[in-house]
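The file protein25.cif contains mmCIF, C-alpha atoms:
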data_target
#
loop_
_atom_site.group_PDB
_atom_site.id
_atom_site.type_symbol
_atom_site.label_atom_id
_atom_site.label_comp_id
_atom_site.auth_asym_id
_atom_site.auth_seq_id
_atom_site.Cartn_x
_atom_site.Cartn_y
_atom_site.Cartn_z
ATOM 1 C CA MET A 1 16.408 -179.440 64.310
ATOM 2 C CA SER A 2 16.666 -177.106 61.316
ATOM 3 C CA GLU A 3 16.889 -173.452 62.257
ATOM 4 C CA THR A 4 13.735 -171.335 61.896
ATOM 5 C CA PHE A 5 12.478 -168.171 63.588
ATOM 6 C CA LEU A 6 10.871 -170.482 66.187
ATOM 7 C CA SER A 7 13.992 -172.516 66.958
ATOM 8 C CA ARG A 8 14.865 -170.650 70.164
ATOM 9 C CA THR A 9 11.278 -170.816 71.411
ATOM 10 C CA GLN A 10 11.193 -174.556 70.779
ATOM 11 C CA LEU A 11 14.484 -175.043 72.615
ATOM 12 C CA LEU A 12 12.990 -173.362 75.669
ATOM 13 C CA LEU A 13 9.366 -174.543 75.689
ATOM 14 C CA GLY A 14 9.443 -177.682 73.571
ATOM 15 C CA GLU A 15 7.878 -178.784 70.290
ATOM 16 C CA ASP A 16 4.407 -179.324 71.786
ATOM 17 C CA ALA A 17 4.195 -175.717 72.972
ATOM 18 C CA VAL A 18 5.293 -174.355 69.600
ATOM 19 C CA GLN A 19 2.703 -176.500 67.841
ATOM 20 C CA LYS A 20 0.040 -175.270 70.250
ATOM 21 C CA PHE A 21 0.968 -171.660 69.496
ATOM 22 C CA GLN A 22 0.807 -172.307 65.752
ATOM 23 C CA GLN A 23 -2.680 -173.792 66.121
ATOM 24 C CA SER A 24 -3.989 -170.953 68.313
ATOM 25 C CA CYS A 25 -5.950 -167.808 67.477
ATOM 26 C CA VAL A 26 -5.579 -164.678 69.614
ATOM 27 C CA MET A 27 -7.655 -161.537 69.265
ATOM 28 C CA VAL A 28 -6.074 -158.204 70.219
ATOM 29 C CA VAL A 29 -8.683 -155.493 70.799
ATOM 30 C CA GLY A 30 -6.987 -152.106 70.630
ATOM 31 C CA CYS A 31 -3.866 -151.800 68.470
ATOM 32 C CA GLY A 32 -2.227 -148.806 70.104
ATOM 33 C CA ALA A 33 0.789 -148.840 72.410
ATOM 34 C CA VAL A 34 -0.079 -151.837 74.594
ATOM 35 C CA GLY A 35 -1.812 -153.793 71.850
ATOM 36 C CA GLY A 36 1.004 -153.218 69.369
ATOM 37 C CA PHE A 37 3.667 -154.665 71.652
ATOM 38 C CA ALA A 38 1.374 -157.591 72.459
ATOM 39 C CA VAL A 39 0.973 -158.299 68.753
ATOM 40 C CA GLU A 40 4.737 -158.160 68.234
ATOM 41 C CA ALA A 41 5.386 -160.733 70.967
ATOM 42 C CA LEU A 42 2.592 -163.062 69.856
ATOM 43 C CA VAL A 43 3.799 -163.088 66.258
ATOM 44 C CA ARG A 44 7.418 -163.745 67.221
ATOM 45 C CA ALA A 45 6.295 -166.600 69.519
ATOM 46 C CA GLY A 46 4.615 -168.308 66.568
ATOM 47 C CA ILE A 47 0.909 -167.694 67.170
ATOM 48 C CA GLY A 48 -0.725 -169.004 64.017
ATOM 49 C CA SER A 49 -3.739 -166.711 63.742
ATOM 50 C CA LEU A 50 -4.476 -163.160 64.881
ATOM 51 C CA ILE A 51 -7.591 -161.022 64.845
ATOM 52 C CA LEU A 52 -6.745 -157.311 65.086
ATOM 53 C CA VAL A 53 -9.477 -154.931 66.232
ATOM 54 C CA ASP A 54 -9.221 -151.118 66.097
ATOM 55 C CA PHE A 55 -10.866 -148.207 64.293
ATOM 56 C CA ASP A 56 -8.087 -145.626 64.644
ATOM 57 C CA VAL A 57 -5.320 -144.353 62.375
ATOM 58 C CA VAL A 58 -1.692 -143.519 63.149
ATOM 59 C CA LYS A 59 -1.135 -139.957 64.388
ATOM 60 C CA PRO A 60 2.132 -138.027 64.950
ATOM 61 C CA SER A 61 1.791 -138.189 68.760
ATOM 62 C CA ASN A 62 1.678 -142.009 68.602
ATOM 63 C CA ALA A 63 5.321 -142.271 67.561
ATOM 64 C CA ASN A 64 6.740 -142.049 71.099
ATOM 65 C CA ARG A 65 5.238 -145.408 72.127
ATOM 66 C CA GLN A 66 3.327 -147.248 69.370
ATOM 67 C CA LEU A 67 4.994 -149.816 67.120
ATOM 68 C CA ALA A 68 2.635 -148.981 64.259
ATOM 69 C CA ALA A 69 3.673 -145.320 64.233
ATOM 70 C CA THR A 70 6.440 -144.143 61.910
ATOM 71 C CA GLN A 71 6.846 -141.228 59.517
ATOM 72 C CA GLU A 72 5.738 -143.541 56.713
ATOM 73 C CA THR A 73 2.553 -144.800 58.393
ATOM 74 C CA LEU A 74 0.920 -141.505 59.413
ATOM 75 C CA GLY A 75 -2.774 -141.575 58.552
ATOM 76 C CA LEU A 76 -2.871 -145.333 57.939
ATOM 77 C CA LYS A 77 -5.073 -147.758 59.871
ATOM 78 C CA LYS A 78 -3.202 -149.185 62.854
ATOM 79 C CA THR A 79 -4.626 -152.634 62.183
ATOM 80 C CA HIS A 80 -3.330 -152.630 58.603
ATOM 81 C CA VAL A 81 0.130 -151.436 59.630
ATOM 82 C CA LEU A 82 0.458 -154.129 62.311
ATOM 83 C CA ALA A 83 -0.851 -156.811 59.954
ATOM 84 C CA ARG A 84 1.786 -155.901 57.362
ATOM 85 C CA HIS A 85 4.484 -155.913 60.052
ATOM 86 C CA ALA A 86 3.349 -159.326 61.316
ATOM 87 C CA LYS A 87 3.536 -160.774 57.802
ATOM 88 C CA GLN A 88 7.106 -159.492 57.482
ATOM 89 C CA ILE A 89 8.007 -161.565 60.558
ATOM 90 C CA ASN A 90 6.018 -164.682 59.674
ATOM 91 C CA SER A 91 4.588 -164.858 56.159
ATOM 92 C CA ASP A 92 2.461 -167.881 57.119
ATOM 93 C CA ILE A 93 0.500 -166.154 59.884
ATOM 94 C CA GLN A 94 -3.241 -165.806 59.314
ATOM 95 C CA ILE A 95 -4.591 -162.329 60.096
ATOM 96 C CA LYS A 96 -8.131 -161.000 60.129
ATOM 97 C CA ILE A 97 -8.719 -157.259 60.503
ATOM 98 C CA LEU A 98 -11.815 -155.789 62.134
ATOM 99 C CA ASP A 99 -11.803 -152.014 61.630
ATOM 100 C CA MET A 100 -14.421 -151.160 64.203
ATOM 101 C CA LEU A 101 -15.143 -149.306 67.414
ATOM 102 C CA VAL A 102 -16.336 -151.661 70.153
ATOM 103 C CA ASN A 103 -19.892 -150.670 71.071
ATOM 104 C CA ASP A 104 -23.406 -152.124 71.366
ATOM 105 C CA GLU A 105 -23.736 -152.356 67.577
ATOM 106 C CA THR A 106 -20.447 -154.198 66.965
ATOM 107 C CA ILE A 107 -19.834 -156.337 70.068
ATOM 108 C CA ASP A 108 -21.745 -159.394 68.833
ATOM 109 C CA ILE A 109 -19.983 -159.237 65.456
ATOM 110 C CA LEU A 110 -16.632 -159.122 67.227
ATOM 111 C CA LEU A 111 -17.377 -161.990 69.604
ATOM 112 C CA ALA A 112 -18.829 -164.181 66.858
ATOM 113 C CA HIS A 113 -15.228 -164.961 65.938
ATOM 114 C CA SER A 114 -13.731 -168.065 67.521
ATOM 115 C CA THR A 115 -10.616 -167.392 69.604
ATOM 116 C CA ASP A 116 -8.386 -169.217 72.061
ATOM 117 C CA TYR A 117 -7.616 -165.990 73.914
ATOM 118 C CA ILE A 118 -8.459 -162.305 73.826
ATOM 119 C CA ILE A 119 -6.258 -159.383 74.807
ATOM 120 C CA ASP A 120 -8.181 -156.210 75.623
ATOM 121 C CA ALA A 121 -5.931 -153.230 75.016
ATOM 122 C CA ILE A 122 -8.741 -150.672 74.798
ATOM 123 C CA ASP A 123 -8.251 -147.239 76.396
ATOM 124 C CA SER A 124 -11.905 -146.216 76.220
ATOM 125 C CA LEU A 125 -13.844 -146.973 79.405
ATOM 126 C CA ASN A 126 -17.227 -147.456 77.704
ATOM 127 C CA SER A 127 -15.839 -149.930 75.182
ATOM 128 C CA LYS A 128 -13.644 -151.662 77.744
ATOM 129 C CA THR A 129 -16.523 -152.136 80.185
ATOM 130 C CA LEU A 130 -18.793 -153.540 77.491
ATOM 131 C CA LEU A 131 -16.171 -155.936 76.160
ATOM 132 C CA ILE A 132 -15.212 -157.282 79.573
ATOM 133 C CA GLU A 133 -18.837 -157.697 80.635
ATOM 134 C CA LYS A 134 -19.566 -159.802 77.552
ATOM 135 C CA LEU A 135 -16.365 -161.822 77.885
ATOM 136 C CA VAL A 136 -16.954 -162.693 81.539
ATOM 137 C CA LYS A 137 -20.602 -163.590 81.008
ATOM 138 C CA ARG A 138 -19.739 -165.752 77.991
ATOM 139 C CA ASN A 139 -16.791 -167.351 79.797
ATOM 140 C CA ARG A 140 -14.347 -166.353 77.065
ATOM 141 C CA PRO A 141 -10.640 -166.533 77.947
ATOM 142 C CA PHE A 142 -9.024 -163.063 78.195
ATOM 143 C CA ILE A 143 -6.654 -160.727 80.065
ATOM 144 C CA SER A 144 -7.095 -156.970 80.470
ATOM 145 C CA SER A 145 -4.561 -154.148 80.677
ATOM 146 C CA MET A 146 -5.239 -151.120 82.850
ATOM 147 C CA GLY A 147 -3.740 -147.626 82.581
ATOM 148 C CA ALA A 148 -0.150 -147.331 81.369
ATOM 149 C CA ALA A 149 -0.140 -143.545 80.997
ATOM 150 C CA LEU A 150 1.535 -141.291 83.621
ATOM 151 C CA ARG A 151 3.626 -144.172 85.002
ATOM 152 C CA THR A 152 7.428 -144.223 85.182
ATOM 153 C CA ASP A 153 8.270 -147.122 87.562
ATOM 154 C CA PRO A 154 8.389 -150.520 85.805
ATOM 155 C CA SER A 155 8.865 -152.346 89.124
ATOM 156 C CA LYS A 156 5.237 -151.564 90.032
ATOM 157 C CA ILE A 157 3.761 -153.378 87.031
ATOM 158 C CA GLN A 158 2.148 -156.727 87.835
ATOM 159 C CA ILE A 159 -0.628 -159.171 86.969
ATOM 160 C CA VAL A 160 -3.426 -159.535 89.533
ATOM 161 C CA PRO A 161 -7.216 -159.985 89.550
ATOM 162 C CA LEU A 162 -9.014 -156.692 88.955
ATOM 163 C CA LYS A 163 -10.497 -156.836 92.450
ATOM 164 C CA LYS A 164 -6.975 -156.568 93.956
ATOM 165 C CA THR A 165 -5.822 -153.493 92.028
ATOM 166 C CA ILE A 166 -4.805 -150.329 93.862
ATOM 167 C CA GLU A 167 -3.588 -146.856 92.842
ATOM 168 C CA CYS A 168 -5.074 -147.172 89.340
ATOM 169 C CA PRO A 169 -7.884 -144.720 88.495
ATOM 170 C CA LEU A 170 -8.887 -146.632 85.359
ATOM 171 C CA ALA A 171 -9.195 -149.868 87.345
ATOM 172 C CA ALA A 172 -11.272 -148.055 89.978
ATOM 173 C CA PHE A 173 -13.694 -146.705 87.363
ATOM 174 C CA LEU A 174 -13.902 -150.150 85.777
ATOM 175 C CA ARG A 175 -14.563 -151.928 89.091
ATOM 176 C CA LYS A 176 -17.392 -149.509 89.859
ATOM 177 C CA ARG A 177 -19.071 -150.005 86.497
ATOM 178 C CA LEU A 178 -18.709 -153.786 86.473
ATOM 179 C CA ARG A 179 -20.108 -154.123 90.005
ATOM 180 C CA ARG A 180 -23.208 -152.212 88.891
ATOM 181 C CA ARG A 181 -23.649 -154.751 86.094
ATOM 182 C CA GLY A 182 -23.133 -157.743 88.372
ATOM 183 C CA VAL A 183 -19.883 -158.782 86.685
ATOM 184 C CA SER A 184 -17.254 -160.759 88.613
ATOM 185 C CA LEU A 185 -14.000 -158.875 89.207
ATOM 186 C CA ASN A 186 -11.927 -162.040 89.496
ATOM 187 C CA PHE A 187 -10.201 -161.808 86.100
ATOM 188 C CA PRO A 188 -6.539 -160.989 85.443
ATOM 189 C CA VAL A 189 -5.283 -157.554 84.532
ATOM 190 C CA VAL A 190 -1.896 -156.039 83.871
ATOM 191 C CA TYR A 191 -1.664 -152.886 85.944
ATOM 192 C CA SER A 192 0.669 -150.576 87.855
ATOM 193 C CA SER A 193 0.420 -149.964 91.600
ATOM 194 C CA GLU A 194 2.558 -146.823 91.231
ATOM 195 C CA HIS A 195 1.106 -143.876 93.151
ATOM 196 C CA LEU A 196 0.247 -141.022 90.802
ATOM 197 C CA THR A 197 1.056 -137.542 92.094
ATOM 198 C CA SER A 198 -1.406 -136.068 89.587
ATOM 199 C CA THR A 199 -4.575 -137.580 88.146
ATOM 200 C CA ILE A 200 -5.739 -134.472 86.284
ATOM 201 C CA GLY A 201 -7.782 -135.511 83.271
ATOM 202 C CA LEU A 202 -8.191 -139.150 84.237
ATOM 203 C CA GLY A 203 -11.753 -138.764 85.484
ATOM 204 C CA GLU A 204 -12.846 -136.754 82.468
ATOM 205 C CA MET A 205 -11.136 -139.209 80.139
ATOM 206 C CA ALA A 206 -12.880 -142.172 81.688
ATOM 207 C CA GLU A 207 -16.386 -140.757 81.997
ATOM 208 C CA ASN A 208 -16.760 -138.744 78.785
ATOM 209 C CA ASP A 209 -16.301 -141.412 76.125
ATOM 210 C CA LEU A 210 -18.475 -140.687 73.109
ATOM 211 C CA PRO A 211 -20.144 -143.537 71.177
ATOM 212 C CA GLY A 212 -18.559 -142.423 67.916
ATOM 213 C CA GLY A 213 -15.043 -141.709 69.094
ATOM 214 C CA ARG A 214 -12.796 -140.369 71.810
ATOM 215 C CA ASN A 215 -13.284 -137.280 73.951
ATOM 216 C CA ARG A 216 -10.543 -137.109 76.529
ATOM 217 C CA HIS A 217 -7.547 -135.285 77.932
ATOM 218 C CA THR A 218 -4.116 -136.058 76.516
ATOM 219 C CA LEU A 219 -2.035 -137.964 79.072
ATOM 220 C CA GLY A 220 1.751 -138.188 79.173
ATOM 221 C CA SER A 221 3.377 -141.552 78.563
ATOM 222 C CA LEU A 222 6.783 -143.114 77.973
ATOM 223 C CA SER A 223 7.946 -145.462 75.253
ATOM 224 C CA THR A 224 8.811 -148.104 77.859
ATOM 225 C CA ILE A 225 5.860 -148.601 80.222
ATOM 226 C CA PRO A 226 3.097 -149.324 77.655
ATOM 227 C CA GLY A 227 5.471 -151.755 75.960
ATOM 228 C CA ILE A 228 5.973 -153.652 79.212
ATOM 229 C CA PHE A 229 2.200 -153.805 79.685
ATOM 230 C CA GLY A 230 1.760 -155.257 76.199
ATOM 231 C CA LEU A 231 4.572 -157.778 76.575
ATOM 232 C CA LEU A 232 3.149 -158.974 79.892
ATOM 233 C CA CYS A 233 -0.268 -159.412 78.302
ATOM 234 C CA ALA A 234 1.246 -161.500 75.525
ATOM 235 C CA HIS A 235 3.364 -163.495 77.989
ATOM 236 C CA TYR A 236 0.322 -164.352 80.079
ATOM 237 C CA VAL A 237 -1.526 -165.585 77.000
ATOM 238 C CA LEU A 238 1.411 -167.677 75.809
ATOM 239 C CA MET A 239 1.869 -169.339 79.192
ATOM 240 C CA ALA A 240 -1.882 -169.938 79.472
ATOM 241 C CA LEU A 241 -1.921 -171.565 76.048
ATOM 242 C CA LYS A 242 0.953 -173.731 77.223
ATOM 243 C CA ASN A 243 -1.135 -174.477 80.344
ATOM 244 C CA GLN A 244 1.381 -172.789 82.606
ATOM 245 C CA PRO A 245 -0.051 -169.429 83.768
ATOM 246 C CA PRO A 246 2.506 -167.160 85.492
ATOM 247 C CA GLN A 247 2.729 -167.853 89.242
ATOM 248 C CA ASN A 248 1.693 -164.321 90.249
ATOM 249 C CA SER A 249 -1.438 -164.288 88.094
ATOM 250 C CA THR A 250 -4.905 -165.761 88.191
ATOM 251 C CA THR A 251 -6.011 -168.566 85.889
ATOM 252 C CA ASN A 252 -8.826 -166.570 84.266
ATOM 253 C CA THR A 253 -8.278 -165.483 80.675
ATOM 254 C CA ILE A 254 -8.919 -161.846 79.511
ATOM 255 C CA ILE A 255 -6.466 -159.015 78.687
ATOM 256 C CA SER A 256 -7.257 -155.295 78.436
ATOM 257 C CA ALA A 257 -5.020 -152.295 78.065
ATOM 258 C CA GLU A 258 -4.762 -148.527 77.910
ATOM 259 C CA GLY A 259 -2.206 -147.174 75.453
#
As structure tokens, the full file:
Amino acid sequence: MSETFLSRTQLLLGEDAVQKFQQSCVMVVGCGAVGGFAVEALVRAGIGSLILVDFDVVKPSNANRQLAATQETLGLKKTHVLARHAKQINSDIQIKILDMLVNDETIDILLAHSTDYIIDAIDSLNSKTLLIEKLVKRNRPFISSMGAALRTDPSKIQIVPLKKTIECPLAAFLRKRLRRRGVSLNFPVVYSSEHLTSTIGLGEMAENDLPGGRNRHTLGSLSTIPGIFGLLCAHYVLMALKNQPPQNSTTNTIISAEG
């Protein structure tokens, strides 16, 4: 076997898995901290096609945790920065960019695209709720990431159905909203069961999303925890595409995340 950037992956998973990855399309909705690390892992695993969804630009405060954020990328679209980075890893990858906020006006445009899997790395409750509702009702494969901010203990991060989450304010808000809409809570999420000593700002952040942008408190976060969330999202998708979901996760297929 001639050596390529996929040689090690093929040695571990086999040629069939690598071919499946190359033939697959994954959409990442939210290209911040969690979404950025998910994109990185998917590209390096050989995913053949990506759809990157985000409306935001790189800001100075992003640099402590977001792969798209450097001194050279300030003010640039996160989707464009990640697309350029992906091409530097694999020049053959196909990338489509959707510079949009997920809302009632854009959701059908977004979901008109054919995908094998979707990773929801949105940190806006309104957009996240809408996306997940549509994905569940349309039986689209996805995994969702919950709140990564304020956490410091990586041992508490796991993949479970949303209905089994504890100690996560974002998951609690999401469960409440989805129940009102009659949406099943039996889909997989990456979340942390770490007990938060302070939740100041979480309620306001979750409930005061504005249709045209973000209106929320700034929450502390590390460079490590959001990255783990994103890598776990990508890992779940890769194993699902290989038809081997992780043992501690459900077989449903949506990913969502808070950066």
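Rounded to one decimal, CA of Lys77 (chain A) and CA of Pro169 (chain A) lie 28.9 Å from each other.
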As AutoDock Vina command-line options, please report the centre and edge lengths, rounded to one decimal in Å, of the axis-aligned box that holds all listed atoms of region 24-43 of chain A with 5 Å of padding on each of the six sides.
--center_x -1.6 --center_y -159.9 --center_z 70.4 --size_x 24.1 --size_y 32.1 --size_z 18.3
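With only C-alpha atoms as the atoms that count, the minimum distance from Lys96 (chain A) to the choices A:Leu13, A:Ala63, A:Val53, A:Val237 is reached by A:Val53.
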Atom pair CA of Leu76 (chain A) / CA of Phe55 (chain A): separation (Å) = 10.6 Å
key: Leu231 (chain A) surroundings by only C-alpha atoms, 7 Å radius, close-in-sequence under 3 positions cut, as JSON, numbers by chain   = {"A": [37, 38, 41, 227, 228, 234, 235]}
task = Can you give me, as a ChimeraX atom specification, the residues this file yields under the PyMOL selection byres ((chain A and resi 110) around 12)?
result = /A:27-29,51-54,96-109,111-115,118,130-131,134-135
Can you tell me which residues surround region 144-149 of chain A at a distance of at most 10 Å, considering all atoms listed in the file, apart from same-chain residues fewer than 3 positions away, and format the answer as an mmCIF file with C-alpha atoms, in the frame of the given file?
data_model
loop_
_atom_site.group_PDB
_atom_site.id
_atom_site.type_symbol
_atom_site.label_atom_id
_atom_site.label_comp_id
_atom_site.auth_asym_id
_atom_site.auth_seq_id
_atom_site.Cartn_x
_atom_site.Cartn_y
_atom_site.Cartn_z
ATOM 1 C CA VAL A 29 -8.683 -155.493 70.799
ATOM 2 C CA ALA A 33 0.789 -148.840 72.410
ATOM 3 C CA VAL A 34 -0.079 -151.837 74.594
ATOM 4 C CA GLY A 35 -1.812 -153.793 71.850
ATOM 5 C CA ILE A 118 -8.459 -162.305 73.826
ATOM 6 C CA ILE A 119 -6.258 -159.383 74.807
ATOM 7 C CA ASP A 120 -8.181 -156.210 75.623
ATOM 8 C CA ALA A 121 -5.931 -153.230 75.016
ATOM 9 C CA ILE A 122 -8.741 -150.672 74.798
ATOM 10 C CA ASP A 123 -8.251 -147.239 76.396
ATOM 11 C CA LYS A 128 -13.644 -151.662 77.744
ATOM 12 C CA ILE A 132 -15.212 -157.282 79.573
ATOM 13 C CA THR A 152 7.428 -144.223 85.182
ATOM 14 C CA ILE A 157 3.761 -153.378 87.031
ATOM 15 C CA ILE A 159 -0.628 -159.171 86.969
ATOM 16 C CA PRO A 161 -7.216 -159.985 89.550
ATOM 17 C CA LEU A 162 -9.014 -156.692 88.955
ATOM 18 C CA THR A 165 -5.822 -153.493 92.028
ATOM 19 C CA CYS A 168 -5.074 -147.172 89.340
ATOM 20 C CA PRO A 169 -7.884 -144.720 88.495
ATOM 21 C CA LEU A 170 -8.887 -146.632 85.359
ATOM 22 C CA ALA A 171 -9.195 -149.868 87.345
ATOM 23 C CA ALA A 172 -11.272 -148.055 89.978
ATOM 24 C CA LEU A 174 -13.902 -150.150 85.777
ATOM 25 C CA PHE A 187 -10.201 -161.808 86.100
ATOM 26 C CA PRO A 188 -6.539 -160.989 85.443
ATOM 27 C CA VAL A 189 -5.283 -157.554 84.532
ATOM 28 C CA VAL A 190 -1.896 -156.039 83.871
ATOM 29 C CA TYR A 191 -1.664 -152.886 85.944
ATOM 30 C CA SER A 192 0.669 -150.576 87.855
ATOM 31 C CA LEU A 202 -8.191 -139.150 84.237
ATOM 32 C CA THR A 218 -4.116 -136.058 76.516
ATOM 33 C CA LEU A 219 -2.035 -137.964 79.072
ATOM 34 C CA GLY A 220 1.751 -138.188 79.173
ATOM 35 C CA SER A 221 3.377 -141.552 78.563
ATOM 36 C CA LEU A 222 6.783 -143.114 77.973
ATOM 37 C CA THR A 224 8.811 -148.104 77.859
ATOM 38 C CA ILE A 225 5.860 -148.601 80.222
ATOM 39 C CA PRO A 226 3.097 -149.324 77.655
ATOM 40 C CA GLY A 227 5.471 -151.755 75.960
ATOM 41 C CA ILE A 228 5.973 -153.652 79.212
ATOM 42 C CA PHE A 229 2.200 -153.805 79.685
ATOM 43 C CA GLY A 230 1.760 -155.257 76.199
ATOM 44 C CA LEU A 232 3.149 -158.974 79.892
ATOM 45 C CA CYS A 233 -0.268 -159.412 78.302
ATOM 46 C CA THR A 253 -8.278 -165.483 80.675
ATOM 47 C CA ILE A 254 -8.919 -161.846 79.511
ATOM 48 C CA ILE A 255 -6.466 -159.015 78.687
ATOM 49 C CA SER A 256 -7.257 -155.295 78.436
ATOM 50 C CA ALA A 257 -5.020 -152.295 78.065
ATOM 51 C CA GLU A 258 -4.762 -148.527 77.910
ATOM 52 C CA GLY A 259 -2.206 -147.174 75.453
#
request  = Rank nothing, just name the residue among A:Arg140, A:Arg151, A:Lys78, A:Arg44 nearest to Lys59 (chain A), using all atoms listed in the file.
outcome  =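 Selected residue with least distance to Lys59 (chain A): A:Lys78.
Of note, CA of Leu50 (chain A) and CA of Thr4 (chain A) are spaced 20.2 Å apart.
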query = From the set A:Asn64, A:Tyr117, A:Thr197, A:Gly30, which residue has the shortest atom-to-atom contact distance to Leu82 (chain A), counting all atoms listed in the file?
reply =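 So, comparing all the options, the nearest one is A:Gly30.
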task = Mind checking which residues fall within 10 Å of Ser49 (chain A), counting all atoms listed in the file, ignoring those fewer than 3 positions away in the same chain, and posting them as a PyMOL selection string?
result = chain A and resi 21-27+42-43+46+52+92-96+115-116
